[in-house]
$ cat input.cif   # mmCIF, C-alpha atoms and all ligand atoms
data_final
loop_
_atom_site.label_atom_id
_atom_site.label_comp_id
_atom_site.auth_asym_id
_atom_site.auth_seq_id
_atom_site.Cartn_x
_atom_site.Cartn_y
_atom_site.Cartn_z
CA MET A 1 0.00 0.00 0.00
CA ILE A 2 1.56 3.31 -1.06
CA PRO A 3 0.09 6.80 -1.36
CA LEU A 4 1.80 7.51 -4.72
CA HIS A 5 0.52 7.23 -8.27
CA TYR A 6 1.17 8.68 -11.70
CA GLN A 7 -1.38 10.86 -13.48
CA GLU A 8 -0.48 12.12 -16.95
CA ASN A 9 3.13 11.16 -16.23
CA GLN A 10 3.27 13.30 -13.06
CA LEU A 11 3.86 11.64 -9.72
CA LEU A 12 1.24 12.54 -7.11
CA MET A 13 1.05 11.88 -3.39
CA ASP A 14 -2.67 11.45 -2.80
CA GLY A 15 -4.12 14.52 -4.59
CA VAL A 16 -0.95 16.64 -4.87
CA PRO A 17 1.77 16.57 -7.58
CA VAL A 18 5.09 16.12 -5.78
CA ALA A 19 6.66 18.66 -8.15
CA GLU A 20 4.31 21.29 -6.70
CA LEU A 21 5.57 20.49 -3.19
CA ALA A 22 9.22 20.69 -4.26
CA ALA A 23 8.53 24.05 -5.90
CA ALA A 24 6.78 25.35 -2.79
CA PHE A 25 9.19 24.10 -0.13
CA GLY A 26 12.44 23.15 -1.87
CA THR A 27 14.36 19.88 -1.61
CA PRO A 28 15.35 17.65 0.08
CA LEU A 29 11.85 17.38 1.48
CA TYR A 30 10.08 14.71 3.51
CA VAL A 31 6.43 14.35 2.48
CA TYR A 32 3.84 12.28 4.34
CA SER A 33 0.34 11.11 3.47
CA GLU A 34 -2.09 11.82 6.29
CA ALA A 35 -4.61 9.38 4.79
CA LEU A 36 -2.18 6.46 4.80
CA LEU A 37 -0.77 7.32 8.20
CA VAL A 38 -4.20 7.32 9.80
CA ALA A 39 -5.28 4.23 7.83
CA GLN A 40 -2.25 2.32 9.11
CA ALA A 41 -2.94 3.36 12.70
CA ARG A 42 -6.59 2.30 12.34
CA ALA A 43 -5.62 -1.02 10.73
CA PHE A 44 -3.60 -1.90 13.83
CA ILE A 45 -6.35 -0.81 16.21
CA ALA A 46 -9.06 -2.65 14.25
CA ALA A 47 -7.03 -5.87 14.41
CA LEU A 48 -6.80 -5.89 18.22
CA PRO A 49 -8.69 -8.71 19.85
CA PRO A 50 -11.93 -7.64 21.56
CA GLY A 51 -12.17 -6.72 25.23
CA ARG A 52 -9.48 -6.12 27.84
CA ASP A 53 -7.14 -3.22 28.00
CA HIS A 54 -5.08 -3.88 24.83
CA LEU A 55 -2.85 -1.10 23.57
CA ILE A 56 -0.84 -0.21 20.48
CA CYS A 57 2.04 2.05 21.49
CA PHE A 58 3.60 3.82 18.52
CA ALA A 59 7.42 3.73 18.75
CA VAL A 60 8.14 7.45 18.72
CA LYS A 61 11.75 6.86 17.64
CA ALA A 62 10.50 5.95 14.15
CA ASN A 63 9.15 9.46 13.57
CA GLY A 64 8.84 12.12 16.23
CA ASN A 65 7.27 14.90 14.19
CA PRO A 66 4.77 16.51 16.61
CA HIS A 67 2.07 16.94 13.93
CA LEU A 68 2.26 13.29 12.89
CA LEU A 69 2.30 12.16 16.50
CA ARG A 70 -0.81 14.21 17.25
CA ARG A 71 -2.72 12.48 14.45
CA LEU A 72 -1.58 9.03 15.56
CA PHE A 73 -2.61 9.67 19.16
CA GLN A 74 -5.95 11.10 18.00
CA ALA A 75 -6.47 7.87 16.06
CA GLY A 76 -6.13 6.00 19.38
CA LEU A 77 -2.50 4.92 19.57
CA GLY A 78 -0.35 5.17 22.68
CA ALA A 79 3.39 5.83 22.74
CA ASP A 80 6.51 3.78 23.30
CA VAL A 81 9.21 6.26 24.32
CA THR A 82 12.89 5.73 24.89
CA SER A 83 14.22 9.01 26.25
CA GLY A 84 13.18 12.10 28.16
CA GLY A 85 12.95 13.84 24.77
CA GLU A 86 10.52 11.28 23.37
CA TYR A 87 8.46 11.37 26.58
CA PHE A 88 8.21 15.15 26.16
CA LEU A 89 7.20 14.77 22.48
CA ALA A 90 4.49 12.23 23.31
CA ARG A 91 2.95 14.41 26.02
CA HIS A 92 3.28 17.55 23.93
CA ALA A 93 1.39 15.83 21.10
CA GLY A 94 -1.47 14.92 23.42
CA CYS A 95 -0.77 11.30 24.35
CA PRO A 96 -2.57 10.50 27.64
CA PRO A 97 -0.08 9.35 30.33
CA GLN A 98 -1.91 6.04 30.74
CA ARG A 99 -0.98 5.19 27.16
CA ILE A 100 2.77 5.80 27.49
CA ILE A 101 5.35 3.11 28.17
CA TYR A 102 9.00 3.97 28.62
CA SER A 103 11.70 1.48 27.51
CA GLY A 104 15.46 1.90 27.13
CA VAL A 105 18.66 0.56 28.67
CA GLY A 106 20.03 3.88 29.90
CA LYS A 107 17.24 5.95 31.46
CA THR A 108 18.85 8.52 33.72
CA GLY A 109 17.59 9.66 37.12
CA PRO A 110 16.33 13.02 35.79
CA GLU A 111 14.57 11.30 32.87
CA ILE A 112 12.84 8.89 35.28
CA GLU A 113 11.86 11.79 37.57
CA ALA A 114 10.32 13.73 34.69
CA ALA A 115 8.33 10.73 33.45
CA LEU A 116 7.01 9.99 36.95
CA ALA A 117 6.04 13.62 37.43
CA GLY A 118 4.10 13.60 34.15
CA GLY A 119 2.69 10.08 34.59
CA LEU A 120 2.80 6.95 32.47
CA ARG A 121 1.44 3.40 32.19
CA ALA A 122 4.74 1.75 33.16
CA LEU A 123 8.50 2.01 33.17
CA HIS A 124 10.10 -0.96 31.42
CA VAL A 125 13.16 -1.83 33.45
CA GLU A 126 16.25 -3.22 31.71
CA SER A 127 18.72 -3.85 34.56
CA ALA A 128 18.96 -4.44 38.32
CA GLN A 129 20.77 -1.12 38.79
CA GLU A 130 18.05 0.77 36.95
CA LEU A 131 15.41 -0.81 39.20
CA ALA A 132 17.34 0.36 42.27
CA VAL A 133 17.41 3.94 40.93
CA ILE A 134 13.66 3.83 40.21
CA ALA A 135 12.99 2.46 43.70
CA THR A 136 14.94 5.35 45.28
CA ILE A 137 13.08 7.94 43.20
CA ALA A 138 9.67 6.32 43.83
CA THR A 139 10.35 6.28 47.59
CA ALA A 140 11.46 9.91 47.63
CA ARG A 141 8.38 10.93 45.67
CA GLN A 142 6.10 8.61 47.68
CA GLN A 143 4.59 7.57 44.37
CA VAL A 144 3.61 4.03 43.41
CA VAL A 145 5.38 3.23 40.14
CA PRO A 146 4.06 0.50 37.82
CA ILE A 147 6.96 -1.63 36.59
CA GLY A 148 7.31 -3.83 33.54
CA VAL A 149 10.50 -5.82 33.11
CA ARG A 150 12.00 -6.15 29.64
CA VAL A 151 13.01 -9.73 29.01
CA ASN A 152 15.71 -10.77 26.62
CA PRO A 153 14.17 -13.95 25.22
CA ASP A 154 17.31 -15.10 23.32
CA VAL A 155 15.32 -15.39 20.09
CA ALA A 156 17.09 -15.08 16.72
CA ALA A 157 15.31 -13.03 14.06
CA GLU A 158 16.33 -12.71 10.43
CA THR A 159 17.20 -9.02 9.96
CA HIS A 160 20.20 -6.70 9.69
CA PRO A 161 22.59 -7.40 12.63
CA HIS A 162 22.47 -3.74 13.76
CA ILE A 163 18.71 -3.94 14.36
CA SER A 164 18.42 -7.41 15.87
CA THR A 165 17.88 -7.00 19.62
CA GLY A 166 16.60 -10.25 21.09
CA ARG A 167 19.68 -12.47 21.37
CA GLY A 168 21.13 -13.29 24.75
CA HIS A 169 24.37 -11.40 24.06
CA HIS A 170 22.59 -8.14 23.09
CA LYS A 171 22.47 -5.25 25.55
CA PHE A 172 18.67 -5.19 25.82
CA GLY A 173 16.49 -6.46 28.65
CA VAL A 174 17.46 -9.06 31.24
CA ASN A 175 17.42 -12.85 31.05
CA PRO A 176 14.20 -14.61 32.14
CA SER A 177 15.50 -15.71 35.54
CA LEU A 178 16.68 -12.19 36.45
CA ALA A 179 13.34 -10.81 35.18
CA ARG A 180 11.61 -13.10 37.67
CA GLU A 181 13.91 -12.01 40.48
CA LEU A 182 13.38 -8.33 39.69
CA LEU A 183 9.61 -8.71 39.70
CA HIS A 184 9.84 -10.32 43.14
CA GLN A 185 11.78 -7.27 44.34
CA VAL A 186 9.10 -5.05 42.80
CA GLN A 187 6.33 -7.00 44.53
CA GLN A 188 8.01 -6.57 47.91
CA HIS A 189 8.69 -2.86 47.55
CA PRO A 190 6.10 -0.46 49.02
CA TRP A 191 6.40 2.05 46.16
CA LEU A 192 6.73 -0.33 43.20
CA ALA A 193 3.94 -2.37 41.59
CA PRO A 194 4.37 -5.28 39.14
CA ALA A 195 2.56 -4.40 35.91
CA GLY A 196 3.87 -6.47 33.01
CA LEU A 197 6.60 -8.14 31.02
CA ALA A 198 7.98 -6.76 27.77
CA THR A 199 10.31 -7.77 25.00
CA HIS A 200 11.44 -6.50 21.59
CA ILE A 201 13.35 -8.86 19.35
CA GLY A 202 14.41 -6.52 16.55
CA SER A 203 13.20 -4.50 13.61
CA GLN A 204 12.22 -5.14 9.97
CA ILE A 205 11.31 -8.76 10.69
CA THR A 206 9.03 -10.40 8.12
CA ASP A 207 8.91 -13.94 9.55
CA LEU A 208 6.20 -14.53 12.15
CA ALA A 209 7.92 -17.48 13.89
CA PRO A 210 10.30 -15.44 16.09
CA PHE A 211 7.40 -13.23 17.23
CA ALA A 212 5.42 -16.33 18.21
CA ALA A 213 8.47 -17.62 20.11
CA ALA A 214 8.88 -14.30 21.95
CA ALA A 215 5.18 -14.21 22.89
CA SER A 216 5.35 -17.73 24.23
CA THR A 217 8.47 -16.91 26.33
CA LEU A 218 6.50 -14.05 27.92
CA VAL A 219 3.47 -16.26 28.62
CA GLN A 220 5.60 -18.99 30.22
CA LEU A 221 7.33 -16.50 32.45
CA ALA A 222 4.09 -14.77 33.43
CA THR A 223 2.53 -18.15 34.24
CA ALA A 224 5.48 -19.07 36.46
CA LEU A 225 5.22 -15.69 38.22
CA ALA A 226 1.47 -16.12 38.76
CA ALA A 227 2.19 -19.43 40.50
CA GLU A 228 4.49 -17.47 42.81
CA GLY A 229 1.80 -14.92 43.61
CA ILE A 230 2.80 -12.17 41.17
CA HIS A 231 -0.09 -11.27 38.91
CA LEU A 232 0.75 -9.17 35.87
CA ARG A 233 -1.70 -7.13 33.81
CA TYR A 234 -0.13 -7.10 30.36
CA LEU A 235 2.46 -8.73 28.15
CA ASP A 236 4.21 -6.52 25.58
CA VAL A 237 5.85 -8.17 22.55
CA GLY A 238 7.46 -4.94 21.31
CA GLY A 239 7.57 -3.78 17.71
CA GLY A 240 9.58 -5.04 14.76
CA LEU A 241 7.02 -5.90 12.09
CA GLY A 242 8.77 -5.39 8.73
CA ILE A 243 7.42 -3.77 5.58
CA ASP A 244 7.88 -4.57 1.87
CA TYR A 245 10.83 -2.43 0.82
CA THR A 246 11.58 -4.59 -2.20
CA ASN A 247 8.55 -6.82 -2.74
CA GLU A 248 10.93 -9.78 -2.44
CA THR A 249 9.95 -10.75 1.09
CA PRO A 250 6.25 -9.89 1.49
CA ALA A 251 5.65 -8.70 5.05
CA PRO A 252 2.74 -9.98 7.13
CA SER A 253 -0.22 -7.61 7.50
CA PRO A 254 -0.81 -5.81 10.81
CA ALA A 255 -3.76 -8.18 11.36
CA GLY A 256 -1.67 -11.30 10.66
CA TRP A 257 1.09 -10.12 12.97
CA LEU A 258 -1.30 -9.14 15.75
CA GLN A 259 -3.11 -12.44 15.55
CA THR A 260 0.16 -14.34 15.95
CA VAL A 261 1.24 -12.42 19.03
CA ALA A 262 -2.20 -11.85 20.58
CA THR A 263 -3.48 -15.43 20.54
CA PRO A 264 -1.12 -16.94 23.16
CA ILE A 265 -1.27 -13.80 25.31
CA THR A 266 -5.01 -13.30 25.41
CA THR A 267 -5.64 -17.04 25.76
CA ALA A 268 -3.52 -16.95 28.92
CA GLY A 269 -5.69 -14.08 30.20
CA TYR A 270 -3.34 -11.10 29.79
CA SER A 271 -3.90 -7.87 27.99
CA LEU A 272 -1.68 -7.23 24.99
CA VAL A 273 0.67 -4.32 24.33
CA VAL A 274 2.67 -3.91 21.11
CA GLU A 275 5.10 -1.18 20.02
CA PRO A 276 5.15 -0.95 16.21
CA GLY A 277 6.93 2.00 14.61
CA ARG A 278 8.07 1.31 11.07
CA ALA A 279 4.96 -0.55 9.87
CA ILE A 280 2.79 2.46 10.77
CA VAL A 281 4.81 5.32 9.30
CA ALA A 282 7.37 4.00 6.79
CA PRO A 283 5.00 3.52 3.81
CA ALA A 284 3.37 6.93 4.41
CA GLY A 285 6.54 8.95 3.75
CA VAL A 286 8.74 9.82 0.77
CA LEU A 287 11.91 11.87 0.51
CA LEU A 288 11.92 14.21 -2.49
CA THR A 289 15.32 15.09 -3.87
CA GLN A 290 16.55 17.00 -6.90
CA VAL A 291 19.28 15.83 -9.25
CA VAL A 292 22.24 18.23 -9.14
CA TYR A 293 24.60 16.58 -11.65
CA THR A 294 25.22 13.30 -13.39
CA LYS A 295 28.64 11.92 -14.20
CA GLN A 296 30.19 8.82 -15.68
CA GLN A 297 33.31 7.63 -13.84
CA ALA A 298 35.17 4.39 -14.54
CA GLU A 299 32.36 1.86 -15.05
CA LYS A 300 29.91 3.83 -12.91
CA GLN A 301 27.09 6.17 -13.86
CA PHE A 302 26.56 8.48 -10.91
CA VAL A 303 23.44 10.52 -10.25
CA ILE A 304 24.33 13.20 -7.70
CA VAL A 305 21.31 14.46 -5.77
CA ASP A 306 20.74 17.12 -3.12
CA ALA A 307 19.84 14.59 -0.38
CA GLY A 308 22.61 12.70 1.36
CA MET A 309 23.32 10.26 4.15
CA ASN A 310 22.67 13.06 6.64
CA ASP A 311 19.05 13.18 5.38
CA LEU A 312 18.49 9.43 4.95
CA LEU A 313 21.03 7.22 6.70
CA ARG A 314 19.41 3.82 6.15
CA PRO A 315 21.12 2.90 2.84
CA THR A 316 24.55 3.75 4.26
CA LEU A 317 24.03 2.18 7.67
CA TYR A 318 22.09 -0.96 6.78
CA GLN A 319 22.51 -1.23 2.99
CA ALA A 320 18.76 -0.67 3.01
CA HIS A 321 16.89 -0.70 -0.30
CA HIS A 322 14.42 2.15 -0.91
CA PRO A 323 12.62 2.23 -4.28
CA ILE A 324 13.23 5.44 -6.26
CA TRP A 325 10.62 6.83 -8.62
CA PRO A 326 11.00 9.81 -10.96
CA ALA A 327 8.57 12.68 -10.36
CA ARG A 328 7.94 12.82 -14.11
CA GLN A 329 7.77 9.79 -16.38
CA ALA A 330 9.68 10.55 -19.57
CA ASP A 331 10.16 8.28 -22.61
CA ASP A 332 13.43 9.95 -23.59
CA HIS A 333 15.33 8.91 -20.43
CA PRO A 334 17.05 5.59 -21.23
CA LEU A 335 16.93 2.90 -18.55
CA THR A 336 20.43 2.89 -17.06
CA THR A 337 22.21 1.24 -14.12
CA VAL A 338 23.11 4.08 -11.77
CA ASP A 339 24.40 4.87 -8.29
CA VAL A 340 22.31 7.61 -6.69
CA VAL A 341 24.67 9.46 -4.36
CA GLY A 342 24.57 12.52 -2.11
CA PRO A 343 26.89 15.50 -1.73
CA VAL A 344 28.47 14.30 1.56
CA CYS A 345 32.22 13.64 1.58
CA GLU A 346 32.07 9.92 2.22
CA THR A 347 32.09 7.06 -0.27
CA GLY A 348 29.36 5.50 1.86
CA ASP A 349 27.06 8.42 1.04
CA PHE A 350 24.68 6.67 -1.34
CA LEU A 351 20.91 6.35 -1.56
CA ALA A 352 20.93 3.52 -4.11
CA GLN A 353 23.62 1.42 -5.79
CA ASN A 354 23.48 -0.38 -9.11
CA ARG A 355 19.86 0.64 -9.56
CA GLN A 356 18.04 0.51 -12.91
CA LEU A 357 16.49 3.95 -13.42
CA PRO A 358 15.49 6.11 -16.37
CA LEU A 359 18.68 8.25 -16.49
CA PRO A 360 17.68 11.55 -14.88
CA ARG A 361 19.03 14.98 -15.81
CA PRO A 362 20.08 17.89 -13.61
CA GLY A 363 16.98 19.53 -12.18
CA ASP A 364 14.87 16.35 -12.32
CA LEU A 365 13.08 15.33 -9.14
CA LEU A 366 13.21 11.87 -7.60
CA ALA A 367 11.04 10.37 -4.87
CA ILE A 368 12.68 7.93 -2.45
CA LEU A 369 9.96 5.67 -1.13
CA HIS A 370 9.12 4.18 2.29
CA THR A 371 11.09 6.79 4.17
CA GLY A 372 8.46 7.76 6.75
CA ALA A 373 10.20 5.72 9.47
CA TYR A 374 13.81 6.27 10.60
CA GLY A 375 14.24 8.87 7.84
CA PHE A 376 14.01 12.38 9.25
CA ALA A 377 14.37 10.81 12.71
CA MET A 378 17.97 9.81 11.96
CA SER A 379 18.95 12.95 10.05
CA SER A 380 21.84 15.17 11.14
CA ASN A 381 23.81 18.32 10.34
CA TYR A 382 26.86 16.36 9.18
CA ASN A 383 28.94 18.22 6.57
CA GLY A 384 27.28 21.49 7.56
CA ARG A 385 24.05 20.40 5.92
CA LEU A 386 20.69 21.68 7.07
CA ARG A 387 18.04 19.21 8.16
CA PRO A 388 15.20 19.05 5.62
CA ALA A 389 11.65 20.37 5.87
CA GLU A 390 8.62 18.09 6.34
CA VAL A 391 5.20 18.43 4.71
CA LEU A 392 1.91 16.67 5.41
CA VAL A 393 -0.42 16.01 2.48
CA SER A 394 -4.13 15.74 3.34
CA GLY A 395 -6.07 14.87 0.20
CA GLN A 396 -5.51 17.81 -2.14
CA ARG A 397 -4.16 20.11 0.55
CA TYR A 398 -0.81 20.24 2.28
CA GLN A 399 0.92 21.99 5.14
CA LEU A 400 4.46 22.52 6.29
CA ILE A 401 4.93 20.51 9.51
CA ARG A 402 8.60 21.27 10.06
CA GLN A 403 10.59 24.21 8.74
CA ARG A 404 13.81 23.59 6.88
CA GLN A 405 16.72 24.57 9.11
CA THR A 406 18.52 27.79 8.31
CA LEU A 407 22.24 28.54 8.50
CA ALA A 408 21.69 29.99 11.99
CA HIS A 409 21.16 26.40 13.24
CA LEU A 410 24.77 25.66 12.45
CA LEU A 411 25.99 28.36 14.84
CA ASP A 412 24.50 27.51 18.23
CA GLY A 413 21.93 24.77 17.60
CA THR A 414 18.90 27.04 18.11
N1 LIG A 501 10.12 -0.99 20.75
C1 LIG A 501 11.41 -0.91 21.07
C2 LIG A 501 11.83 -1.15 22.46
C3 LIG A 501 12.36 -0.62 20.08
O1 LIG A 501 13.65 -0.56 20.40
C4 LIG A 501 11.92 -0.39 18.75
C5 LIG A 501 12.88 -0.06 17.69
C6 LIG A 501 10.55 -0.46 18.47
C7 LIG A 501 9.68 -0.77 19.50
C8 LIG A 501 9.97 -0.21 17.11
O2 LIG A 501 10.41 -1.12 16.17
P1 LIG A 501 9.79 -1.12 14.69
O3 LIG A 501 8.35 -1.57 14.78
O4 LIG A 501 9.90 0.25 14.14
O5 LIG A 501 10.63 -2.10 13.96
N2 LIG A 501 16.96 2.62 12.66
C9 LIG A 501 16.58 1.27 12.28
C10 LIG A 501 15.52 0.68 13.17
C11 LIG A 501 15.92 0.67 14.64
C12 LIG A 501 14.82 0.17 15.53
C13 LIG A 501 15.15 0.37 16.97
N3 LIG A 501 14.15 -0.04 17.88
C14 LIG A 501 16.15 1.28 10.82
O6 LIG A 501 16.16 2.35 10.19
O7 LIG A 501 15.83 0.22 10.26
#
$ encode --input "input.cif" --output "structure tokens"
Amino acid sequence: MIPLHYQENQLLMDGVPVAELAAAFGTPLYVYSEALLVAQARAFIAALPPGRDHLICFAVKANGNPHLLRRLFQAGLGADVTSGGEYFLARHAGCPPQRIIYSGVGKTGPEIEAALAGGLRALHVESAQELAVIATIATARQQVVPIGVRVNPDVAAETHPHISTGRGHHKFGVNPSLARELLHQVQQHPWLAPAGLATHIGSQITDLAPFAAAASTLVQLATALAAEGIHLRYLDVGGGLGIDYTNETPAPSPAGWLQTVATPITTAGYSLVVEPGRAIVAPAGVLLTQVVYTKQQAEKQFVIVDAGMNDLLRPTLYQAHHPIWPARQADDHPLTTVDVVGPVCETGDFLAQNRQLPLPRPGDLLAILHTGAYGFAMSSNYNGRLRPAEVLVSGQRYQLIRQRQTLAHLLDGT
């Protein structure tokens, strides 16, 4: 499902020609479809099993634009946050505290304080030392803090090694026996309350088997804890559902994924929490970029564009494949094998390698697809480059939802 189509050879996002957006706001430019964003959020919510207190927490790290977050929360999603900054963004965009969970291996004392002051559904603890810090803060505040423990289930998932998180030797969560011990500590503490168990095995996973394995690890552990007198409310299987970047490995639908993880959890009597990020926002976003030059060098045909690895890091960091479509279909552009590269001074600064494209010319516009997740969110000022603007398309209308940075940002960060 993508929000793009050609009409009389012009590429449109929903009802708006992308060339019109580039002319109005310049490039590089992130553009999002409100219709698809909201449809994705609703597809997840509609696929939740009936009853109980189930919750879809959008992983704010995938895209923290306040306007997009507001729409997702209005559609009924909660938030999975991983820093004081993301907690602030979620609250600022109207997420009710009861729908916020806070994960992350390195929450600091001040971050924990701020989240407790603002309220949340639970803190997801990832180490014994972190639990001790939370206990001290909870006691000082005389506030009962709901605790979930993040379990490392030692489950292997087929994905890029940098975004696999559920193996025993990864830094995330704690092993099942320590999780059990920590929840006993929580149960005995006057200002801590056991709330749930969580896990997250990685990202861009298109095979359902590791998710089923992770859900069953949580259920087994929760069952063992119940026998010991610790009764949890929810089990959280994290995010990680992949999308179709290439059409080679079709990804499961939100409904298929939710059914896999929900069945064991709801059958055992727990409410379900999930934390999808990519599957909700990635397909709704494109990065528009303009061709600056082309050049032939050795056996390579380079297309040099005005977006670089500082705007979209995924190809460089994970060798990720993002489809690239021209904004105008032209018969006189011969299909050519090209490398689409940015202006940054690194050989790793590419957006596509050995890609068959109608050979563009300087001034032509290209759309880089499926960039709504971990696109703008991972952008930087590297090489003195300004972070791009963001635009939201709503049917035939559009609005700027983040200004392009100006040179002043390079001076003092304001
Ligand atoms: N929950 C937790 C605790 C996470 O760490 C993550 C992602 C998610 C949920 C959301 O996962 P998703 O549904 O989006 O796969 N920068 C990488 C992805 C890193 C994901 C980190 N954690 C990329 O561009 O592929």
$ residues_near_ligand --input "input.cif" --ligand "ligand LIG 501 (chain A)" --cutoff "9 Å" --atoms "all atoms listed in the file" --output "PyMOL selection string"
chain A and resi 57-62+80-82+102-104+150+160+162-165+172+198-205+237-242+274-282+313-315+317-318+320+373-375+377-378
$ residues_around --input "input.cif" --residues "range 323-335 of chain A" --least-positions-apart "2" --cutoff "12 Å" --atoms "all atoms listed in the file" --output "PyMOL selection string"
chain A and resi 2+4-13+16-22+244-247+283+286-291+301+315+320-321+337-340+351-361+363-371
$ atom_distance --input "input.cif" --atom1 "CA of Ile137 in chain A" --atom2 "CA of Ala193 in chain A"
13.9 Å
$ residues_around --input "input.cif" --residues "Ala307 in chain A" --least-positions-apart "3" --cutoff "7 Å" --atoms "only C-alpha atoms" --output "PyMOL selection string"
chain A and resi 28+289+311+342
$ atom_distance --input "input.cif" --atom1 "CA of Gln98 in chain A" --atom2 "CA of Gly119 in chain A"
7.2 Å
$ atom_distance --input "input.cif" --atom1 "CA of Gln220 in chain A" --atom2 "CA of Leu232 in chain A"
12.3 Å
$ closest_residue --input "input.cif" --among "A:Gly269, A:Pro176, A:Pro362, A:Gly78" --to "Ile304 in chain A" --atoms "all atoms listed in the file"
A:Pro362
$ closest_residue --input "input.cif" --among "A:Gln40, A:Ser216, A:Asn65, A:Ser127" --to "Leu182 in chain A" --atoms "only C-alpha atoms"
A:Ser127
$ closest_residue --input "input.cif" --among "A:Asn152, A:Phe350, A:Ser394, A:Asn63" --to "Thr217 in chain A" --atoms "all atoms listed in the file"
A:Asn152
$ closest_residue --input "input.cif" --among "A:Gly372, A:Pro264, A:Pro343, A:Pro254" --to "Thr294 in chain A" --atoms "only C-alpha atoms"
A:Pro343
$ residues_near_point --input "input.cif" --point "(-6.8, -3.0, 19.5)" --cutoff "7 Å" --atoms "only C-alpha atoms" --output "list in words"
Phe44, Ile45, Ala46, Ala47, Leu48, Pro49, His54, Leu55 and Ile56 of chain A
$ closest_residue --input "input.cif" --among "A:Ala157, A:Ile265, A:Ala284, A:Cys345" --to "Ala41 in chain A" --atoms "only C-alpha atoms"
A:Ala284
$ residues_around --input "input.cif" --residues "range 222-229 of chain A" --least-positions-apart "4" --cutoff "8 Å" --atoms "only C-alpha atoms" --output "list in words"
Arg180, Leu197 and Leu218 of chain A
$ closest_residue --input "input.cif" --among "A:Val133, A:Ala138, A:Ile101, A:Leu192" --to "Leu120 in chain A" --atoms "all atoms listed in the file"
A:Ile101
